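To keep things clear, I will list the structure first and then write my remarks on it.
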Amino acid sequence: MSTQPGPQHRVLFQTPGEEKAEEEPPQRRLGKLTVKYNRKDLQKRLDIEEWIDGQLHLLFDCEEEDIPELEIDMDELLDLSDAEQRAKLHDLLQDCGKPKEDFIDGLLYRMKGLRKMSLKK
C-alpha cells in the first residue's frame, strides 16, 4: 500500500424532503393542471362559451362590439337552483327584445353535468 495521499471521495446523502425543486421539469406543473381540471371539462366549457357568444349575436342581432356587456358566470349559475338560474339569465338579458327562452333552455341543457371550477388561493 502506498502512503501517498490520493484524491478524497465524498458521498452525499439526500433525504426525501431535501430534493431540489429547481431541477423539477416544467412539465410537472402542467400535469397537475390537467389532473385538477379535466381536459374534457375545459373543452366543454370552451364549447359552451363559444355557443353563448354565437347565440348572443343572434339574440341582439348586432356586431360583437355592439352587444351589451354581459357577464354570464357559469360557476355562479351552478350554485343556483333551476328557477334561480332562469331568473338570473332573464335579468341579464332584460335589454334583449327577442324571445330568450330558447337561449336559456339551451344554455341550461348544455350546463348539465358541468362541474364548478373554483380557483383556490
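Chain labels follow the order of the C-alpha cells: the first chain is A, the next B, and so on; residue numbering restarts at 1 in every chain, and ligands are counted from 1 in their shown order.
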Handout entry: Distance query Met111 (chain A) at most 10 Å, only C-alpha atoms, self and fewer than 6 positions along chain excluded, as a count of residues only
Key = 8
Handout entry: A:Leu107, A:Ala87, A:Arg39, A:Glu76 ranked by distance to Leu56 (chain A), top pick (using only C-alpha atoms)
Key =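 Of A:Leu107, A:Ala87, A:Arg39, A:Glu76, the one nearest Leu56 (chain A) is A:Leu107, counting only C-alpha atoms.
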Handout entry: Nearest residue to Trp51 (chain A) from the set A:Met117, A:Leu80, A:Leu93, A:Ile104 (distances using only C-alpha atoms)
Key =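 For Trp51 (chain A), the nearest of the given residues is A:Ile104.
With only C-alpha atoms as the atoms that count, the minimum distance from Arg86 (chain A) to the choices A:Lys40, A:His57, A:Lys112, A:Lys100 is reached by A:Lys100.
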Fill in the blank from the handout: A straight line from CA of Gln55 (chain A) to CA of Asn38 (chain A) spans 25.9 Å
